[in-house]
Amino acid sequence: MELLQNISQAMEEAHRKNSADAFSQLGYNLAKLKDQVREKIQEQTMGAINAIVRKLESNQPLTPEEKAFVRLWVVGDAEGYVRMEKTLKEWLTEYQRLVGLIKDYAQRSGSVQEMVELHGVLEDAVKVADNVAHFLEDKERIQRFDEAINNLSSADSKLIADFLKAKLLSPDI
């Protein structure tokens, strides 16, 4: 893919430099790339979405293929992330390791050095908990979408049509 031509080189460069600045810049570049990928998906599917909007506005039922397009536009970002189920298992393993460490620190005296070390453990625990929360939020968002798209009321159809129209009009597309 043309979009990815320079990013792996930038990732290798950040790894080679091994500095906060290099990884910070890389994070910025990855976020921009992620937005470009989303925009490319939307460009490639906007014709189908326009037709779906018209059907939703007239409260016509959607085919499974049309529902898949709506799903792509509404929760596609979450779906791509949730497919990383193996990563969730790794985070949960790390989470359990951190729980054990924190339990161990609970039995200690609380010296300054132990508090410094505990602070580091807690910083790591915050990041792991945030990752797990983000994953589970996306998974729950997909489940709510699946329930809603299969039981559309007239008001739901209008709401989804308005949402899709707003995305179509967005300058990010």
# chains A, B, ... in the order shown; residues from 1 in each chain; ligands from 1
call {"tool": "residues_around", "arguments": {"residues": "A:Tyr95", "least_positions_apart": "2", "cutoff": "12 Å", "atoms": "only C-alpha atoms", "output": "list of chain:residue names"}}
result
A:Leu88, A:Lys89, A:Glu90, A:Trp91, A:Leu92, A:Thr93, A:Arg97, A:Leu98, A:Val99, A:Gly100, A:Leu101, A:Ile102, A:Val121, A:Leu122, A:Glu123, A:Asp124, A:Ala125, A:Val126, A:Lys127, A:Val128, A:Ala129, A:Asp130, A:Asn131, A:Val132, A:Ala133
call {"tool": "write_last_selection", "arguments": {"atoms": "N, CA and C atoms", "output": "PDB file, in the first residue's frame"}}
result
ATOM      1  N   LEU A  88      -5.065  -8.269  24.024  1.00  0.00           N
ATOM      2  CA  LEU A  88      -5.826  -8.171  25.269  1.00  0.00           C
ATOM      3  C   LEU A  88      -5.336  -9.213  26.264  1.00  0.00           C
ATOM      4  N   LYS A  89      -5.114 -10.421  25.794  1.00  0.00           N
ATOM      5  CA  LYS A  89      -4.622 -11.478  26.686  1.00  0.00           C
ATOM      6  C   LYS A  89      -3.276 -11.092  27.284  1.00  0.00           C
ATOM      7  N   GLU A  90      -2.418 -10.488  26.483  1.00  0.00           N
ATOM      8  CA  GLU A  90      -1.114 -10.047  26.989  1.00  0.00           C
ATOM      9  C   GLU A  90      -1.282  -8.951  28.034  1.00  0.00           C
ATOM     10  N   TRP A  91      -2.195  -7.999  27.781  1.00  0.00           N
ATOM     11  CA  TRP A  91      -2.447  -6.934  28.757  1.00  0.00           C
ATOM     12  C   TRP A  91      -2.998  -7.507  30.052  1.00  0.00           C
ATOM     13  N   LEU A  92      -3.902  -8.488  29.944  1.00  0.00           N
ATOM     14  CA  LEU A  92      -4.467  -9.079  31.158  1.00  0.00           C
ATOM     15  C   LEU A  92      -3.422  -9.866  31.940  1.00  0.00           C
ATOM     16  N   THR A  93      -2.501 -10.501  31.232  1.00  0.00           N
ATOM     17  CA  THR A  93      -1.395 -11.189  31.907  1.00  0.00           C
ATOM     18  C   THR A  93      -0.532 -10.164  32.643  1.00  0.00           C
ATOM     19  N   ARG A  97       0.153  -9.635  36.718  1.00  0.00           N
ATOM     20  CA  ARG A  97       1.500  -9.495  37.276  1.00  0.00           C
ATOM     21  C   ARG A  97       1.570  -8.254  38.167  1.00  0.00           C
ATOM     22  N   LEU A  98       0.971  -7.161  37.698  1.00  0.00           N
ATOM     23  CA  LEU A  98       0.987  -5.909  38.461  1.00  0.00           C
ATOM     24  C   LEU A  98       0.145  -6.020  39.725  1.00  0.00           C
ATOM     25  N   VAL A  99      -0.963  -6.746  39.668  1.00  0.00           N
ATOM     26  CA  VAL A  99      -1.773  -6.987  40.871  1.00  0.00           C
ATOM     27  C   VAL A  99      -0.917  -7.684  41.924  1.00  0.00           C
ATOM     28  N   GLY A 100      -0.168  -8.688  41.489  1.00  0.00           N
ATOM     29  CA  GLY A 100       0.713  -9.402  42.420  1.00  0.00           C
ATOM     30  C   GLY A 100       1.769  -8.488  43.023  1.00  0.00           C
ATOM     31  N   LEU A 101       2.361  -7.637  42.205  1.00  0.00           N
ATOM     32  CA  LEU A 101       3.365  -6.697  42.717  1.00  0.00           C
ATOM     33  C   LEU A 101       2.757  -5.745  43.742  1.00  0.00           C
ATOM     34  N   ILE A 102       1.578  -5.232  43.428  1.00  0.00           N
ATOM     35  CA  ILE A 102       0.933  -4.281  44.347  1.00  0.00           C
ATOM     36  C   ILE A 102       0.572  -4.973  45.657  1.00  0.00           C
ATOM     37  N   VAL A 121       5.330   1.147  39.512  1.00  0.00           N
ATOM     38  CA  VAL A 121       4.412   0.030  39.274  1.00  0.00           C
ATOM     39  C   VAL A 121       3.002   0.567  39.001  1.00  0.00           C
ATOM     40  N   LEU A 122       2.587   1.550  39.783  1.00  0.00           N
ATOM     41  CA  LEU A 122       1.256   2.124  39.598  1.00  0.00           C
ATOM     42  C   LEU A 122       1.139   2.855  38.264  1.00  0.00           C
ATOM     43  N   GLU A 123       2.199   3.510  37.841  1.00  0.00           N
ATOM     44  CA  GLU A 123       2.179   4.168  36.533  1.00  0.00           C
ATOM     45  C   GLU A 123       1.960   3.136  35.426  1.00  0.00           C
ATOM     46  N   ASP A 124       2.634   2.015  35.535  1.00  0.00           N
ATOM     47  CA  ASP A 124       2.459   0.941  34.568  1.00  0.00           C
ATOM     48  C   ASP A 124       1.036   0.380  34.647  1.00  0.00           C
ATOM     49  N   ALA A 125       0.525   0.207  35.864  1.00  0.00           N
ATOM     50  CA  ALA A 125      -0.826  -0.329  36.050  1.00  0.00           C
ATOM     51  C   ALA A 125      -1.873   0.600  35.435  1.00  0.00           C
ATOM     52  N   VAL A 126      -1.682   1.903  35.561  1.00  0.00           N
ATOM     53  CA  VAL A 126      -2.607   2.867  34.958  1.00  0.00           C
ATOM     54  C   VAL A 126      -2.657   2.676  33.445  1.00  0.00           C
ATOM     55  N   LYS A 127      -1.499   2.524  32.829  1.00  0.00           N
ATOM     56  CA  LYS A 127      -1.436   2.370  31.372  1.00  0.00           C
ATOM     57  C   LYS A 127      -2.085   1.065  30.926  1.00  0.00           C
ATOM     58  N   VAL A 128      -1.815  -0.009  31.648  1.00  0.00           N
ATOM     59  CA  VAL A 128      -2.413  -1.300  31.293  1.00  0.00           C
ATOM     60  C   VAL A 128      -3.931  -1.250  31.488  1.00  0.00           C
ATOM     61  N   ALA A 129      -4.382  -0.675  32.592  1.00  0.00           N
ATOM     62  CA  ALA A 129      -5.824  -0.565  32.842  1.00  0.00           C
ATOM     63  C   ALA A 129      -6.493   0.273  31.757  1.00  0.00           C
ATOM     64  N   ASP A 130      -5.848   1.355  31.324  1.00  0.00           N
ATOM     65  CA  ASP A 130      -6.394   2.186  30.242  1.00  0.00           C
ATOM     66  C   ASP A 130      -6.496   1.395  28.945  1.00  0.00           C
ATOM     67  N   ASN A 131      -5.474   0.603  28.635  1.00  0.00           N
ATOM     68  CA  ASN A 131      -5.507  -0.212  27.416  1.00  0.00           C
ATOM     69  C   ASN A 131      -6.652  -1.223  27.455  1.00  0.00           C
ATOM     70  N   VAL A 132      -6.808  -1.892  28.590  1.00  0.00           N
ATOM     71  CA  VAL A 132      -7.881  -2.881  28.732  1.00  0.00           C
ATOM     72  C   VAL A 132      -9.238  -2.185  28.645  1.00  0.00           C
ATOM     73  N   ALA A 133      -9.376  -1.045  29.316  1.00  0.00           N
ATOM     74  CA  ALA A 133     -10.646  -0.303  29.278  1.00  0.00           C
ATOM     75  C   ALA A 133     -10.989   0.108  27.852  1.00  0.00           C
TER      76      ALA A 133
END
call {"tool": "select_by_dssp", "arguments": {"residues": "chain A", "states": "alpha helix (DSSP H)", "output": "PyMOL selection string"}}
result
chain A and resi 7-17+20-57+64-82+85-106+112-149+154-169
call {"tool": "atom_distance", "arguments": {"atom1": "atom CA of A:Pro171", "atom2": "atom CA of A:Ile41"}}
result
14.4 Å
call {"tool": "closest_residue", "arguments": {"among": "A:Glu147, A:Asp138, A:Asp35, A:Glu114", "to": "A:Gly80", "atoms": "only C-alpha atoms"}}
result
A:Asp138
call {"tool": "closest_residue", "arguments": {"among": "A:Leu118, A:Ile160, A:Met46, A:Val82", "to": "A:Leu136", "atoms": "only C-alpha atoms"}}
result
A:Val82
call {"tool": "atom_distance", "arguments": {"atom1": "atom CA of A:Phe163", "atom2": "atom CA of A:Ser58"}}
result
15.1 Å
call {"tool": "closest_residue", "arguments": {"among": "A:Asn18, A:Phe69, A:Leu26, A:Asn59", "to": "A:Gln44", "atoms": "only C-alpha atoms"}}
result
A:Phe69
call {"tool": "atom_distance", "arguments": {"atom1": "atom CA of A:Lys165", "atom2": "atom CA of A:Arg38"}}
result
16.0 Å
call {"tool": "residues_around", "arguments": {"residues": "A:Glu13", "least_positions_apart": "6", "cutoff": "12 Å", "atoms": "only C-alpha atoms", "output": "list in words"}}
result
Asn6, Ile7, Ser19, Asp21, Ala22, Phe23, Gln25 and Leu26 of chain A
call {"tool": "closest_residue", "arguments": {"among": "A:Ala14, A:Leu159, A:Leu30, A:Ile149", "to": "A:Leu62", "atoms": "only C-alpha atoms"}}
result
A:Ile149
call {"tool": "closest_residue", "arguments": {"among": "A:Glu39, A:Glu66, A:Glu12, A:Glu140", "to": "A:Ala51", "atoms": "only C-alpha atoms"}}
result
A:Glu66
call {"tool": "closest_residue", "arguments": {"among": "A:Ala20, A:Leu4, A:Leu56, A:Asn150", "to": "A:Lys34", "atoms": "only C-alpha atoms"}}
result
A:Leu4
call {"tool": "residues_around", "arguments": {"residues": "A:Glu57", "least_positions_apart": "5", "cutoff": "9 Å", "atoms": "only C-alpha atoms", "output": "list in words"}}
result
Ile52, Ser154, Ser157, Lys158, Ile160, Ala161 and Asp162 of chain A
call {"tool": "write_last_selection", "arguments": {"atoms": "N, CA and C atoms", "output": "compact mmCIF listing (two decimals), in the first residue's frame"}}
result
# COMPACT_ATOMS: atom_id res chain seq x y z
N ILE A 52 -27.28 4.05 0.95
CA ILE A 52 -27.81 3.57 2.23
C ILE A 52 -28.52 4.70 2.97
N SER A 154 -37.94 3.67 13.09
CA SER A 154 -37.92 4.79 12.15
C SER A 154 -36.99 5.90 12.67
N SER A 157 -33.37 4.83 12.24
CA SER A 157 -32.95 4.96 10.84
C SER A 157 -32.59 6.40 10.52
N LYS A 158 -33.41 7.33 10.99
CA LYS A 158 -33.13 8.75 10.74
C LYS A 158 -31.84 9.18 11.44
N ILE A 160 -29.23 7.34 12.27
CA ILE A 160 -28.07 6.78 11.58
C ILE A 160 -27.85 7.50 10.25
N ALA A 161 -28.93 7.80 9.54
CA ALA A 161 -28.81 8.53 8.27
C ALA A 161 -28.16 9.90 8.52
N ASP A 162 -28.60 10.59 9.56
CA ASP A 162 -28.01 11.91 9.88
C ASP A 162 -26.53 11.78 10.24
